[in-house]
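Data block below; observations after.
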Amino acid sequence: MKRSARVAYSFLFFLAIVISWIMRDFARPLIEKIPWIMRAATGFEPSDKWFGQQAVYRISMGNFLFFGCMSAALLGVKYKGERRGQLLQHGNWVIKLVVWIAFNALPFLFPNGLVQAYGWAARFGSGLFLIIQMIILLDFTQSWNDAWVAHGEQDERWLYGLLGLTVTCFAGVLAISSVLFYFFKPAGAGSCSLNVFLITASLLLCIGFSGLSLLPMARNGSLFPSSTTALYIMYLCYSALQSEPRDYECNGLGHRLNAASGSTLVIGMLVTLLSVVYSALRAGSNTSLFMLDDEDDASDDGAMGTPVTACSNTSLFMLDDEDDASDDGAMGTPLIDAEAVAGANNTLAESSSAPGQVSASREGTAAAAAADRSAIEDYAPISYNYAFFHLIFALASMYIAMLMTGWGAVEQERDRLDVGWTSVWVKTGAEWVTGLLYSWTLIAPAMFPDRDFGF
């Protein structure tokens, strides 16, 4: 189980999503039997949507508390040999499963006021989750561009590959915009000025920061990061438009989905949920973007032996667990105890220089060498930040509550996920924040030349 800890936590998170999905549509018989929840329905006749929101908030809150407590308990773990990492992150799975179930049930005992307060907090936590995804995307594309440009200095075929990908991404932007105009300004639906504005504004935003990346002031500007960011922005534009209510006359895609089979709708919802799980897993596995390493820490680590090299940002898109990271060097040279290394080398030297010793001595020497190797492994650095990993899943739990309930608007229909005007504007906001954030990375080094921006 040690090698698949992140996958196991992802499975628990996905299981919580499925339970939330089921409870959102079928929670009424259960909630009606809980009097302290039903007190909130005094004075009005609650709908099925209200019951679903109550259940989703509580399951989301339970997972937020579970992953939040795991994050707090694992804060400060740096080495593989630390007991907290071995017991909490990689061990005692039966106990953790029982605790996870208890955390999911616990919020059903909470008063309604506390749960509603969590619902408002989840709106901010979900926004933070989206921002973290944006930062990771921007960092990944820049790292990809820098790596291929560096390889291109030795072999120009890397540059041709980068050019091909850039052209492909920009072609994708044009293709998506054409599809958006076709589906979200359908013939006979009127002017659809809102949809036309959102699509056009997205295209202008892409053109703006792509042109900005070519200016002399954009010292780190490049068309490849611009093209991938533009492609992502157009995807967000599509995601926003497809979240429009299904009965909105300008949502041509929604009208087609209303006529789709139940299995098609279920598959679409599962794809959305799996993408959230994957995003949480990738963001939580990032070890380089969200860690502040100062010089004092570096010097302290260096005193322990060979210093740790920074993890490549592209490694967060490779599912490497701790043992894999140490084998393939994804973390660079491992941090080890110099005395342990010396002891291991001396032990091995003694065993090879005395071939005539009795077998008992050889067995003792081999055992000592194995113990030294174990000590070296215990001082190897962890391949990802355990506390940050669980923090991301805690924020993702908040995000799921917003997806399931239409950002708390109590307007989600059965067989619908992330549909409603609130979702439209949240995604539109995320789109513009992404574009402005990328534009800032282009102009910030020129505006503040004395500051180190890390690229």
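Going through the structure tokens in order, the chains are called A, B, and so on, while each chain numbers its residues from 1 and the ligands are numbered from 1 in the order shown.
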
For Gly408 of chain A, please output as a list of chain:residue names all residues within 9 Å (counting only C-alpha atoms; exclusion window: fewer than 6 positions along the same chain). A:Gln53, A:Gly119, A:Trp120, A:Arg123, A:Ala401, A:Met402, A:Thr422

Contacts of segment 239-248 of chain A at 8 Å (only C-alpha atoms; same-chain gap of 5+ positions) as number ranges by chain: A: 184, 195, 253-255, 258, 418-421, 423-428

Within 8 Å of segment 71-81 of chain A using only C-alpha atoms, minus same-chain residues under 3 positions, as a PyMOL selection string: chain A and resi 67-68+84-86+88-89+377-382+385-391

Quick one: residues within 7 Å of segment 110-118 of chain A, only C-alpha atoms counted, chain neighbours fewer than 4 positions away excluded, as a list in words? Trp36, Ile37, Ala40, Tyr57, Arg58 and Ala122 of chain A

Output the selection as an mmCIF file, in the first residue's frame - C-alpha atoms for each residue.
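The resulting file, result_36.cif, is reproduced below:
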```cif
data_model
loop_
_atom_site.group_PDB
_atom_site.id
_atom_site.type_symbol
_atom_site.label_atom_id
_atom_site.label_comp_id
_atom_site.auth_asym_id
_atom_site.auth_seq_id
_atom_site.Cartn_x
_atom_site.Cartn_y
_atom_site.Cartn_z
ATOM 1 C CA TRP A 36 -32.219 18.971 14.113
ATOM 2 C CA ILE A 37 -31.776 19.330 10.350
ATOM 3 C CA ALA A 40 -34.166 24.648 9.363
ATOM 4 C CA TYR A 57 -22.681 20.066 2.331
ATOM 5 C CA ARG A 58 -22.319 17.590 5.175
ATOM 6 C CA ALA A 122 -16.542 26.508 0.624
#
```

Pick out the closest residue to Thr441 of chain A from this set: A:Gln142, A:Ser177, A:Ser60, A:Gln54. Count only C-alpha atoms. A:Gln142

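Atom to atom, atom CA of Val149 of chain A and atom CA of Tyr384 of chain A stand 27.1 Å apart.
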
Extract, using only C-alpha atoms, all DNA, RNA and protein residues at most 6 Å from segment 218-227 of chain A, discarding same-chain residues fewer than 5 positions from it, and format them as a count of residues only. 9

Counting only C-alpha atoms, the residue of A:Met23, A:Ala444, A:Ala102, A:Leu174 that sits nearest Ala230 of chain A: A:Leu174

Exercise: Pro29 of chain A partners within 12 Å, only C-alpha atoms, chain neighbours under 4 positions left out, as a list in words: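 Counting only the stated atoms, we get Met23, Arg24, Asp25, Lys33, Ile34, Met38, Asp48, Phe51, Gly52 and Ala55 of chain A.
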
Requested write-out: N, CA, C and O atoms of the selected residues, as a PDB file, in the first residue's frame:
```
ATOM      1  N   MET A  23     -26.488  11.066  -2.778  1.00  0.00           N
ATOM      2  CA  MET A  23     -27.242  11.728  -1.718  1.00  0.00           C
ATOM      3  C   MET A  23     -27.913  13.005  -2.204  1.00  0.00           C
ATOM      4  O   MET A  23     -28.988  13.380  -1.723  1.00  0.00           O
ATOM      5  N   ARG A  24     -27.304  13.681  -3.155  1.00  0.00           N
ATOM      6  CA  ARG A  24     -27.910  14.910  -3.669  1.00  0.00           C
ATOM      7  C   ARG A  24     -29.280  14.637  -4.272  1.00  0.00           C
ATOM      8  O   ARG A  24     -30.207  15.450  -4.155  1.00  0.00           O
ATOM      9  N   ASP A  25     -29.439  13.484  -4.907  1.00  0.00           N
ATOM     10  CA  ASP A  25     -30.690  13.167  -5.591  1.00  0.00           C
ATOM     11  C   ASP A  25     -31.651  12.321  -4.756  1.00  0.00           C
ATOM     12  O   ASP A  25     -32.849  12.293  -5.045  1.00  0.00           O
ATOM     13  N   LYS A  33     -35.685  12.189   8.654  1.00  0.00           N
ATOM     14  CA  LYS A  33     -35.652  11.491   9.940  1.00  0.00           C
ATOM     15  C   LYS A  33     -34.687  12.131  10.933  1.00  0.00           C
ATOM     16  O   LYS A  33     -34.507  11.617  12.031  1.00  0.00           O
ATOM     17  N   ILE A  34     -34.039  13.241  10.552  1.00  0.00           N
ATOM     18  CA  ILE A  34     -33.080  13.913  11.435  1.00  0.00           C
ATOM     19  C   ILE A  34     -33.700  15.224  11.888  1.00  0.00           C
ATOM     20  O   ILE A  34     -33.706  16.223  11.143  1.00  0.00           O
ATOM     21  N   MET A  38     -34.191  19.161  10.161  1.00  0.00           N
ATOM     22  CA  MET A  38     -35.504  19.572   9.687  1.00  0.00           C
ATOM     23  C   MET A  38     -35.982  20.870  10.337  1.00  0.00           C
ATOM     24  O   MET A  38     -36.864  21.541   9.805  1.00  0.00           O
ATOM     25  N   ASP A  48     -36.799  18.770  -2.980  1.00  0.00           N
ATOM     26  CA  ASP A  48     -35.760  17.743  -3.079  1.00  0.00           C
ATOM     27  C   ASP A  48     -34.375  18.369  -3.226  1.00  0.00           C
ATOM     28  O   ASP A  48     -33.388  17.823  -2.736  1.00  0.00           O
ATOM     29  N   PHE A  51     -33.047  19.254   0.261  1.00  0.00           N
ATOM     30  CA  PHE A  51     -32.557  18.065   0.950  1.00  0.00           C
ATOM     31  C   PHE A  51     -31.207  17.628   0.382  1.00  0.00           C
ATOM     32  O   PHE A  51     -30.296  17.243   1.122  1.00  0.00           O
ATOM     33  N   GLY A  52     -31.079  17.701  -0.939  1.00  0.00           N
ATOM     34  CA  GLY A  52     -29.810  17.310  -1.568  1.00  0.00           C
ATOM     35  C   GLY A  52     -28.673  18.214  -1.152  1.00  0.00           C
ATOM     36  O   GLY A  52     -27.552  17.753  -0.897  1.00  0.00           O
ATOM     37  N   ALA A  55     -27.396  17.341   2.361  1.00  0.00           N
ATOM     38  CA  ALA A  55     -26.572  16.131   2.385  1.00  0.00           C
ATOM     39  C   ALA A  55     -25.198  16.381   1.789  1.00  0.00           C
ATOM     40  O   ALA A  55     -24.172  15.953   2.338  1.00  0.00           O
TER      41      ALA A  55
END
```

Which residues come within 9 Å of Phe64 of chain A, counting only C-alpha atoms, excluding same-chain residues fewer than 6 positions away, as a ChimeraX atom specification? /A:103,391,393-398

Could you tell me which of A:Tyr9, A:Leu437, A:Gly127, A:Cys69 comes closest to Trp93 of chain A if we count only C-alpha atoms?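 Residue with the minimum atom-to-atom distance to Trp93 of chain A: A:Tyr9.
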
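Atom pair atom CA of Leu128 of chain A / atom CA of Leu97 of chain A has a distance of 27.3 Å (rounded to one decimal).
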
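Interatomic distance, atom CA of Glu249 of chain A to atom CA of Thr405 of chain A: 22.6 Å.
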
Selected residue, from A:Gln133, A:Asn92, A:Asn104, A:Thr229, that lies nearest to Tyr278 of chain A when counting only C-alpha atoms: A:Gln133

Considering only C-alpha atoms, state which residue in the set A:Phe140, A:Tyr160, A:Trp21, A:Phe108 is at the smallest distance from Leu403 of chain A. A:Trp21

Identify all residues of segment 108-269 of chain A in alpha helix (DSSP H) (DSSP on the backbone) and supply them as a PyMOL selection string. chain A and resi 112-152+157-184+193-212+223-242+252-258+262-269

Selected residue, from A:Leu30, A:Leu281, A:Ala147, A:Leu212, that lies nearest to Ser10 of chain A when counting only C-alpha atoms: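 Looking at the shortest contact to Ser10 of chain A, the residue is A:Leu281.
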